[in-house]
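Student: The following file, work32.txt, comprises compact mmCIF, C-alpha atoms:
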# COMPACT_ATOMS: atom_id res chain seq x y z
CA MET A 1 -235.27 162.98 34.83
CA ALA A 2 -232.94 161.65 32.22
CA GLN A 3 -230.51 158.83 32.83
CA PHE A 4 -227.28 159.65 34.69
CA ILE A 5 -229.01 162.24 36.93
CA SER A 6 -229.72 161.20 40.52
CA PHE A 7 -233.26 161.83 41.73
CA ASP A 8 -231.88 162.99 45.09
CA LYS A 9 -228.51 164.60 45.86
CA ASN A 10 -228.34 162.61 49.14
CA ALA A 11 -228.81 159.19 47.54
CA GLU A 12 -225.98 156.73 48.03
CA VAL A 13 -224.97 153.45 46.43
CA ALA A 14 -223.38 150.55 48.28
CA GLY A 15 -219.70 149.87 47.78
CA HIS A 16 -220.38 146.17 47.11
CA SER A 17 -222.60 147.21 44.21
CA ILE A 18 -219.86 149.44 42.77
CA LEU A 19 -217.25 146.68 43.16
CA SER A 20 -219.58 144.17 41.53
CA CYS A 21 -220.08 146.46 38.56
CA LEU A 22 -216.36 147.25 38.29
CA SER A 23 -215.52 143.54 38.27
CA THR A 24 -217.67 143.03 35.17
CA PHE A 25 -215.29 144.96 32.95
CA PRO A 26 -212.46 143.19 31.15
CA GLU A 27 -209.01 143.66 32.62
CA TYR A 28 -207.85 145.85 29.72
CA TYR A 29 -210.58 148.43 30.56
CA ARG A 30 -210.15 148.28 34.30
CA ALA A 31 -207.35 150.83 34.82
CA GLU A 32 -209.19 153.47 32.82
CA ILE A 33 -212.49 152.76 34.57
CA GLU A 34 -210.80 152.92 37.96
CA GLN A 35 -209.54 156.35 36.89
CA PHE A 36 -213.13 157.36 36.06
CA PHE A 37 -214.03 156.50 39.67
CA LYS A 38 -211.13 158.57 41.00
CA ASN A 39 -212.07 161.49 38.72
CA ASN A 40 -215.55 161.46 40.29
CA ASN A 41 -214.43 161.14 43.92
CA VAL A 42 -215.52 157.53 44.25
CA THR A 43 -212.55 156.35 46.26
CA ASN A 44 -211.81 153.93 49.09
CA VAL A 45 -214.55 151.61 47.85
CA THR A 46 -215.07 148.59 50.08
CA PRO A 47 -218.00 146.19 50.27
CA ASP A 48 -219.31 148.04 53.35
CA SER A 49 -218.78 151.61 52.15
CA TRP A 50 -221.41 153.97 50.75
CA HIS A 51 -220.85 156.52 47.98
CA ASN A 52 -222.73 159.39 46.44
CA GLN A 53 -225.02 158.07 43.72
CA GLN A 54 -224.49 161.05 41.44
CA SER A 55 -220.75 160.44 41.49
CA ASP A 56 -221.37 156.81 40.56
CA LEU A 57 -223.72 157.89 37.76
CA ASN A 58 -221.04 160.24 36.47
CA VAL A 59 -218.80 157.20 36.12
CA PHE A 60 -221.53 155.41 34.14
CA LYS A 61 -221.77 158.45 31.88
CA GLU A 62 -218.01 158.46 31.28
CA ILE A 63 -218.16 154.75 30.45
CA ALA A 64 -221.05 155.39 28.03
CA ASN A 65 -219.19 158.25 26.37
CA ARG A 66 -215.93 156.33 26.08
CA TYR A 67 -217.11 152.79 25.32
CA GLY A 68 -220.75 153.10 24.18
CA ALA A 69 -224.09 151.43 24.74
CA SER A 70 -222.88 147.89 24.06
CA THR A 71 -220.40 148.09 26.92
CA LEU A 72 -223.14 149.29 29.29
CA PHE A 73 -225.38 146.44 28.10
CA ASN A 74 -222.61 143.87 28.61
CA ALA A 75 -221.89 145.26 32.09
CA GLY A 76 -225.59 144.87 32.89
CA VAL A 77 -225.54 141.26 31.68
CA ALA A 78 -222.52 140.57 33.90
CA VAL A 79 -224.21 142.20 36.91
CA GLY A 80 -227.30 140.08 36.21
CA GLU A 81 -225.10 136.97 36.19
CA SER A 82 -223.83 137.82 39.66
CA VAL A 83 -227.30 137.91 41.24
CA PRO A 84 -227.82 134.65 43.15
CA PHE A 85 -231.20 133.08 42.41
CA PRO A 86 -232.28 129.89 44.15
CA PRO A 87 -232.70 126.96 41.75
CA GLY A 88 -236.09 127.01 40.08
CA THR A 89 -236.61 130.78 40.41
CA THR A 90 -239.27 131.80 37.92
CA LEU A 91 -238.97 134.81 35.66
CA GLU A 92 -241.91 136.42 37.41
CA ALA A 93 -240.22 135.94 40.80
CA ALA A 94 -236.89 137.27 39.49
CA TYR A 95 -238.48 140.45 38.16
CA SER A 96 -240.58 140.84 41.31
CA ALA A 97 -237.42 140.62 43.46
CA TRP A 98 -235.43 143.12 41.37
CA ASP A 99 -236.82 146.13 43.23
CA GLY A 100 -235.81 144.71 46.62
CA ALA A 101 -232.28 144.16 45.35
CA TYR A 102 -232.18 147.69 43.97
CA ARG A 103 -233.34 149.13 47.30
CA SER A 104 -230.80 147.10 49.28
CA HIS A 105 -228.00 148.69 47.23
CA HIS A 106 -229.18 152.29 47.70
CA ARG A 107 -229.98 154.53 50.66
CA ASN A 108 -230.59 158.10 51.86
CA GLY A 109 -232.52 159.24 48.86
CA TYR A 110 -236.03 160.51 49.33
CA LEU A 111 -236.63 159.55 45.71
CA MET A 112 -234.36 156.59 45.07
CA GLY A 113 -236.57 155.22 42.34
CA TYR A 114 -237.88 151.71 41.88
CA ILE A 115 -238.20 148.73 39.58
CA LYS A 116 -241.70 147.36 39.19
CA LEU A 117 -243.11 144.34 37.39
CA LEU A 118 -246.24 145.87 35.82
CA SER A 119 -247.61 142.77 34.15
CA PHE A 120 -246.78 139.14 33.62
CA ASP A 121 -248.99 137.14 31.28
CA HIS A 122 -248.07 133.45 30.93
CA GLN A 123 -250.64 132.90 28.20
CA ALA A 124 -249.61 135.89 26.06
CA LYS A 125 -245.94 135.13 26.84
CA LYS A 126 -245.26 138.73 27.70
CA ALA A 127 -244.14 140.77 30.70
CA VAL A 128 -243.63 144.51 31.22
CA VAL A 129 -241.20 146.04 33.70
CA GLU A 130 -240.95 149.71 34.65
CA CYS A 131 -237.61 151.04 35.82
CA LYS A 132 -237.88 154.45 37.43
CA ASN A 133 -234.33 155.25 38.46
CA PRO A 134 -231.39 157.21 37.05
CA TYR A 135 -229.33 154.32 35.67
CA PRO A 136 -228.64 154.00 31.94
CA CYS A 137 -231.24 152.13 29.93
CA HIS A 138 -228.69 149.95 28.14
CA PHE A 139 -227.26 148.79 31.50
CA GLU A 140 -230.73 147.91 32.82
CA ARG A 141 -231.67 146.09 29.63
CA GLY A 142 -228.53 143.98 30.10
CA ILE A 143 -229.58 143.04 33.64
CA ALA A 144 -233.13 142.26 32.46
CA THR A 145 -231.79 140.19 29.57
CA GLU A 146 -229.65 138.08 31.87
CA PHE A 147 -232.52 137.59 34.35
CA SER A 148 -234.66 136.48 31.41
CA ARG A 149 -232.06 134.03 30.12
CA ARG A 150 -231.48 132.48 33.54
CA CYS A 151 -235.08 132.31 34.69
CA LYS A 152 -237.00 131.95 31.43
CA PRO A 153 -240.29 130.04 31.48
CA GLN A 154 -239.99 126.33 30.76
CA ASP A 155 -241.99 126.69 27.56
CA ALA A 156 -239.70 129.43 26.21
CA GLY A 157 -237.35 128.52 23.41
CA TYR A 158 -236.39 132.15 22.83
CA ILE A 159 -236.79 135.19 25.05
CA ASP A 160 -236.27 138.85 24.20
CA VAL A 161 -236.03 142.09 26.21
CA GLU A 162 -236.62 145.38 24.44
CA LEU A 163 -237.07 148.97 25.50
CA ASP A 164 -240.71 149.90 24.85
CA LYS A 165 -240.33 152.42 22.05
CA SER A 166 -244.04 153.33 22.16
CA LYS A 167 -243.35 155.23 25.39
CA LYS A 168 -240.83 157.90 26.27
CA SER A 169 -237.85 156.52 28.15
CA ARG A 170 -234.96 157.96 30.13
CA LEU A 171 -233.11 158.09 26.80
CA ASP A 172 -235.66 160.80 25.92
CA GLY A 173 -235.49 162.52 29.33
CA ALA A 174 -238.44 160.68 30.95
CA ASP A 175 -238.42 159.54 34.58
CA SER A 176 -239.02 155.89 33.69
CA SER A 177 -238.12 153.35 31.07
CA PHE A 178 -240.34 150.40 30.22
CA TYR A 179 -239.06 147.03 29.06
CA VAL A 180 -241.16 144.48 27.22
CA ILE A 181 -240.16 140.86 27.67
CA THR A 182 -241.57 138.37 25.19
CA TRP A 183 -240.92 134.69 24.60
CA ILE A 184 -241.85 131.99 22.16
What would you get if you wrote out this structure as structure tokens?
Tutor:
Amino acid sequence: MAQFISFDKNAEVAGHSILSCLSTFPEYYRAEIEQFFKNNNVTNVTPDSWHNQQSDLNVFKEIANRYGASTLFNAGVAVGESVPFPPGTTLEAAYSAWDGAYRSHHRNGYLMGYIKLLSFDHQAKKAVVECKNPYPCHFERGIATEFSRRCKPQDAGYIDVELDKSKKSRLDGADSSFYVITWI
């Protein structure tokens, strides 16, 4: 599946997740983005409400079409900033916990997708994460980038998150996207 296409028509996303994402946009975008939600029948959003994931993904697609990849990336960074990590959380622990957070914000889908830390090599200073879900790659890379900045290894002066271009990604219509995290 490509990005923006729910794996399951019954999948839902939590209202608190939608509100968190909406709050990441600057005030001057907010009215238009709120209209995108209304256009896609994502209304009466409260922290305890649940909404059709495909409708939410349609909003992401409208944002991508109107504002571009950089806006999705920046929204992902802002969402990553809002995730509370206990002091001292390691990068490996942050990436390992990402799937649990994803699952707590989604329900009712037989195939909701997942986020999996495939490898973490302290010596090689490299990690690989697979994201098999319908969200836009640029948004996920923003979340991963912020996790990396906040929880980078102590020996890291610089850390980078890139989409693995040696593999097909959801940008190409694949089911998964792979991110390579490296540090020096």
Student: Go through A:Lys152, A:Arg103, A:Lys38, A:His51 and flag the residue nearest Asn133 of chain A, using only C-alpha atoms for the distances.
Tutor: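 Smallest distance to Asn133 of chain A is found for A:Arg103.
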Student: Kindly give the distance, in Å, that separates atom CA of Pro134 of chain A and atom CA of Ser70 of chain A, rounded to a single decimal.
Tutor: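 Atom CA of Pro134 of chain A sits 18.1 Å away from atom CA of Ser70 of chain A.
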Student: Enter the distance from atom CA of Gln35 of chain A to atom CA of Val13 of chain A, in Å, rounded to one decimal.
Tutor: 18.4 Å
Student: Do you know which residues are at most 9 Å from Asn41 of chain A counting all atoms listed in the file, after dropping those on the same chain fewer than 3 positions away, and could you put them as JSON, numbers by chain?
Tutor: {"A": [36, 37, 38, 51, 52, 55, 56]}
Student: Is it possible to get the axis-aligned box enclosing segment 151-167 of chain A (all listed atoms, 4 Å extra per side) as JSON, with centre and edge lengths in Å rounded to one decimal?
Tutor:
{"center_x": -239.6, "center_y": 140.8, "center_z": 28.4, "size_x": 17.0, "size_y": 36.9, "size_z": 20.6}
Student: I want to know what sits within 6 Å of segment 107-110 of chain A, based on all atoms listed in the file, with residues of the same chain fewer than 3 positions away left out; could you give that as an MDAnalysis selection string?
Tutor: chainID A and resid 8 10:12
Student: Using only C-alpha atoms, which of A:Ser104, A:Ser6, A:Ser177, A:Ser23 sits nearest Leu163 of chain A?
Tutor: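 For Leu163 of chain A, the nearest of the given residues is A:Ser177.
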Student: Excluding segment 73-79 of chain A and its own-chain neighbours fewer than 3 positions away, which residues fall within 10 Å of it when counting all atoms listed in the file? Please give them as a list in words.
Tutor: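 Counting only the stated atoms, we get Ser17, Ser20, Cys21, Leu22, Ser23, Thr24, Phe25, Pro26, Ala64, Gly68, Ala69, Ser70, Ser82, Val83, Pro136, Cys137, His138, Phe139, Glu140, Arg141, Gly142, Ile143, Ala144, Thr145, Glu146, Phe147 and Arg149 of chain A.
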Student: With C-alpha atoms retained, export the selected residues as a short mmCIF file (atom, residue, chain, number, x, y, z; two decimals), in the coordinates of the input.
Tutor:
data_model
loop_
_atom_site.label_atom_id
_atom_site.label_comp_id
_atom_site.auth_asym_id
_atom_site.auth_seq_id
_atom_site.Cartn_x
_atom_site.Cartn_y
_atom_site.Cartn_z
CA SER A 17 -222.60 147.21 44.21
CA SER A 20 -219.58 144.17 41.53
CA CYS A 21 -220.08 146.46 38.56
CA LEU A 22 -216.36 147.25 38.29
CA SER A 23 -215.52 143.54 38.27
CA THR A 24 -217.67 143.03 35.17
CA PHE A 25 -215.29 144.96 32.95
CA PRO A 26 -212.46 143.19 31.15
CA ALA A 64 -221.05 155.39 28.03
CA GLY A 68 -220.75 153.10 24.18
CA ALA A 69 -224.09 151.43 24.74
CA SER A 70 -222.88 147.89 24.06
CA SER A 82 -223.83 137.82 39.66
CA VAL A 83 -227.30 137.91 41.24
CA PRO A 136 -228.64 154.00 31.94
CA CYS A 137 -231.24 152.13 29.93
CA HIS A 138 -228.69 149.95 28.14
CA PHE A 139 -227.26 148.79 31.50
CA GLU A 140 -230.73 147.91 32.82
CA ARG A 141 -231.67 146.09 29.63
CA GLY A 142 -228.53 143.98 30.10
CA ILE A 143 -229.58 143.04 33.64
CA ALA A 144 -233.13 142.26 32.46
CA THR A 145 -231.79 140.19 29.57
CA GLU A 146 -229.65 138.08 31.87
CA PHE A 147 -232.52 137.59 34.35
CA ARG A 149 -232.06 134.03 30.12
#
Student: Using all atoms listed in the file, which residues sit within 10 Å of Ser169 of chain A once same-chain residues fewer than 4 positions away are excluded, as a ChimeraX atom specification?
Tutor: /A:1-3,130-132,137,163-165,173-179
Student: Please measure the separation of atom CA of Trp50 of chain A and atom CA of Glu62 of chain A, giving the value in Å to one decimal.
Tutor: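 Computing the Euclidean distance for atom CA of Trp50 of chain A and atom CA of Glu62 of chain A yields 20.3 Å.
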Student: From the set A:Ile181, A:Val128, A:Leu19, A:Ala14, which residue has the shortest atom-to-atom contact distance to Asp48 of chain A, counting only C-alpha atoms?
Tutor: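 Closest residue, counting only C-alpha atoms: A:Ala14.
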Student: I'd like to know which of A:Lys126, A:Tyr102, A:Cys151, A:Tyr114 is closest to Thr89 of chain A, using all atoms listed in the file.
Tutor: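 Counting all atoms listed in the file, the residue closest to Thr89 of chain A is A:Cys151.
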Student: Could you check which of A:Thr71, A:Thr46, A:Gln53, A:Asn65 is closest to Met112 of chain A, using only C-alpha atoms?
Tutor: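 So, comparing all the options, the nearest one is A:Gln53.
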Student: Using all atoms listed in the file, which protein or nucleic acid residues come within 10 Å of Ala97 of chain A? Drop anything in the same chain fewer than 4 positions from it, and give the result as a list in words.
Tutor: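 Residues near the query, excluding close chain neighbours: Phe85, Leu91, Glu92, Ala93, Ala101, Tyr102, Ile115, Lys116 and Leu117 of chain A.
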Student: At the level of N, CA and C atoms, write segment 78-108 of chain A to a file as a PDB file, in the first residue's frame, please.
Tutor:
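Dumped to out-v2.pdb:
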ATOM      1  N   ALA A  78       7.291  18.157  15.438  1.00  0.00           N
ATOM      2  CA  ALA A  78       6.492  18.696  16.543  1.00  0.00           C
ATOM      3  C   ALA A  78       5.776  17.585  17.310  1.00  0.00           C
ATOM      4  N   VAL A  79       5.248  16.594  16.590  1.00  0.00           N
ATOM      5  CA  VAL A  79       4.617  15.454  17.272  1.00  0.00           C
ATOM      6  C   VAL A  79       5.666  14.715  18.098  1.00  0.00           C
ATOM      7  N   GLY A  80       6.849  14.516  17.542  1.00  0.00           N
ATOM      8  CA  GLY A  80       7.931  13.865  18.288  1.00  0.00           C
ATOM      9  C   GLY A  80       8.310  14.624  19.547  1.00  0.00           C
ATOM     10  N   GLU A  81       8.252  15.953  19.481  1.00  0.00           N
ATOM     11  CA  GLU A  81       8.536  16.781  20.666  1.00  0.00           C
ATOM     12  C   GLU A  81       7.517  16.562  21.771  1.00  0.00           C
ATOM     13  N   SER A  82       6.290  16.228  21.389  1.00  0.00           N
ATOM     14  CA  SER A  82       5.216  16.097  22.379  1.00  0.00           C
ATOM     15  C   SER A  82       5.211  14.752  23.093  1.00  0.00           C
ATOM     16  N   VAL A  83       6.026  13.801  22.623  1.00  0.00           N
ATOM     17  CA  VAL A  83       6.065  12.478  23.250  1.00  0.00           C
ATOM     18  C   VAL A  83       6.893  12.573  24.528  1.00  0.00           C
ATOM     19  N   PRO A  84       6.282  12.230  25.673  1.00  0.00           N
ATOM     20  CA  PRO A  84       7.030  12.339  26.931  1.00  0.00           C
ATOM     21  C   PRO A  84       7.954  11.123  27.126  1.00  0.00           C
ATOM     22  N   PHE A  85       9.238  11.379  27.186  1.00  0.00           N
ATOM     23  CA  PHE A  85      10.207  10.335  27.506  1.00  0.00           C
ATOM     24  C   PHE A  85      10.757  10.608  28.896  1.00  0.00           C
ATOM     25  N   PRO A  86      10.892   9.574  29.712  1.00  0.00           N
ATOM     26  CA  PRO A  86      11.542   9.778  31.009  1.00  0.00           C
ATOM     27  C   PRO A  86      12.987  10.236  30.797  1.00  0.00           C
ATOM     28  N   PRO A  87      13.528  11.016  31.727  1.00  0.00           N
ATOM     29  CA  PRO A  87      14.925  11.432  31.601  1.00  0.00           C
ATOM     30  C   PRO A  87      15.827  10.212  31.427  1.00  0.00           C
ATOM     31  N   GLY A  88      16.801  10.348  30.561  1.00  0.00           N
ATOM     32  CA  GLY A  88      17.753   9.263  30.341  1.00  0.00           C
ATOM     33  C   GLY A  88      17.293   8.194  29.358  1.00  0.00           C
ATOM     34  N   THR A  89      16.150   8.393  28.708  1.00  0.00           N
ATOM     35  CA  THR A  89      15.687   7.412  27.726  1.00  0.00           C
ATOM     36  C   THR A  89      16.699   7.310  26.592  1.00  0.00           C
ATOM     37  N   THR A  90      17.106   6.092  26.298  1.00  0.00           N
ATOM     38  CA  THR A  90      18.068   5.883  25.224  1.00  0.00           C
ATOM     39  C   THR A  90      17.360   5.892  23.873  1.00  0.00           C
ATOM     40  N   LEU A  91      18.135   6.089  22.831  1.00  0.00           N
ATOM     41  CA  LEU A  91      17.581   6.067  21.487  1.00  0.00           C
ATOM     42  C   LEU A  91      16.982   4.699  21.179  1.00  0.00           C
ATOM     43  N   GLU A  92      17.674   3.665  21.581  1.00  0.00           N
ATOM     44  CA  GLU A  92      17.167   2.311  21.346  1.00  0.00           C
ATOM     45  C   GLU A  92      15.828   2.106  22.044  1.00  0.00           C
ATOM     46  N   ALA A  93      15.702   2.587  23.276  1.00  0.00           N
ATOM     47  CA  ALA A  93      14.440   2.464  24.016  1.00  0.00           C
ATOM     48  C   ALA A  93      13.339   3.307  23.362  1.00  0.00           C
ATOM     49  N   ALA A  94      13.687   4.505  22.893  1.00  0.00           N
ATOM     50  CA  ALA A  94      12.688   5.372  22.255  1.00  0.00           C
ATOM     51  C   ALA A  94      12.136   4.706  21.007  1.00  0.00           C
ATOM     52  N   TYR A  95      13.023   4.173  20.172  1.00  0.00           N
ATOM     53  CA  TYR A  95      12.555   3.518  18.948  1.00  0.00           C
ATOM     54  C   TYR A  95      11.804   2.226  19.258  1.00  0.00           C
ATOM     55  N   SER A  96      12.224   1.529  20.289  1.00  0.00           N
ATOM     56  CA  SER A  96      11.516   0.295  20.672  1.00  0.00           C
ATOM     57  C   SER A  96      10.111   0.594  21.180  1.00  0.00           C
ATOM     58  N   ALA A  97       9.922   1.750  21.808  1.00  0.00           N
ATOM     59  CA  ALA A  97       8.613   2.115  22.370  1.00  0.00           C
ATOM     60  C   ALA A  97       7.674   2.735  21.333  1.00  0.00           C
ATOM     61  N   TRP A  98       8.195   3.118  20.186  1.00  0.00           N
ATOM     62  CA  TRP A  98       7.397   3.822  19.182  1.00  0.00           C
ATOM     63  C   TRP A  98       6.203   2.992  18.737  1.00  0.00           C
ATOM     64  N   ASP A  99       6.373   1.697  18.556  1.00  0.00           N
ATOM     65  CA  ASP A  99       5.270   0.852  18.116  1.00  0.00           C
ATOM     66  C   ASP A  99       4.141   0.833  19.145  1.00  0.00           C
ATOM     67  N   GLY A 100       4.486   0.744  20.424  1.00  0.00           N
ATOM     68  CA  GLY A 100       3.454   0.751  21.462  1.00  0.00           C
ATOM     69  C   GLY A 100       2.652   2.044  21.450  1.00  0.00           C
ATOM     70  N   ALA A 101       3.338   3.157  21.235  1.00  0.00           N
ATOM     71  CA  ALA A 101       2.645   4.444  21.145  1.00  0.00           C
ATOM     72  C   ALA A 101       1.726   4.466  19.924  1.00  0.00           C
ATOM     73  N   TYR A 102       2.229   3.963  18.807  1.00  0.00           N
ATOM     74  CA  TYR A 102       1.418   3.911  17.590  1.00  0.00           C
ATOM     75  C   TYR A 102       0.156   3.083  17.832  1.00  0.00           C
ATOM     76  N   ARG A 103       0.311   1.931  18.436  1.00  0.00           N
ATOM     77  CA  ARG A 103      -0.834   1.046  18.682  1.00  0.00           C
ATOM     78  C   ARG A 103      -1.827   1.641  19.683  1.00  0.00           C
ATOM     79  N   SER A 104      -1.352   2.434  20.626  1.00  0.00           N
ATOM     80  CA  SER A 104      -2.267   3.028  21.603  1.00  0.00           C
ATOM     81  C   SER A 104      -3.097   4.155  20.984  1.00  0.00           C
ATOM     82  N   HIS A 105      -2.689   4.640  19.816  1.00  0.00           N
ATOM     83  CA  HIS A 105      -3.419   5.716  19.146  1.00  0.00           C
ATOM     84  C   HIS A 105      -4.301   5.214  18.005  1.00  0.00           C
ATOM     85  N   HIS A 106      -4.349   3.900  17.818  1.00  0.00           N
ATOM     86  CA  HIS A 106      -5.134   3.305  16.728  1.00  0.00           C
ATOM     87  C   HIS A 106      -5.888   2.086  17.237  1.00  0.00           C
ATOM     88  N   ARG A 107      -7.032   1.802  16.602  1.00  0.00           N
ATOM     89  CA  ARG A 107      -7.809   0.629  16.993  1.00  0.00           C
ATOM     90  C   ARG A 107      -8.673   0.162  15.817  1.00  0.00           C
ATOM     91  N   ASN A 108      -9.258  -1.010  15.980  1.00  0.00           N
ATOM     92  CA  ASN A 108     -10.267  -1.604  15.098  1.00  0.00           C
ATOM     93  C   ASN A 108      -9.767  -2.007  13.716  1.00  0.00           C
TER      94      ASN A 108
END
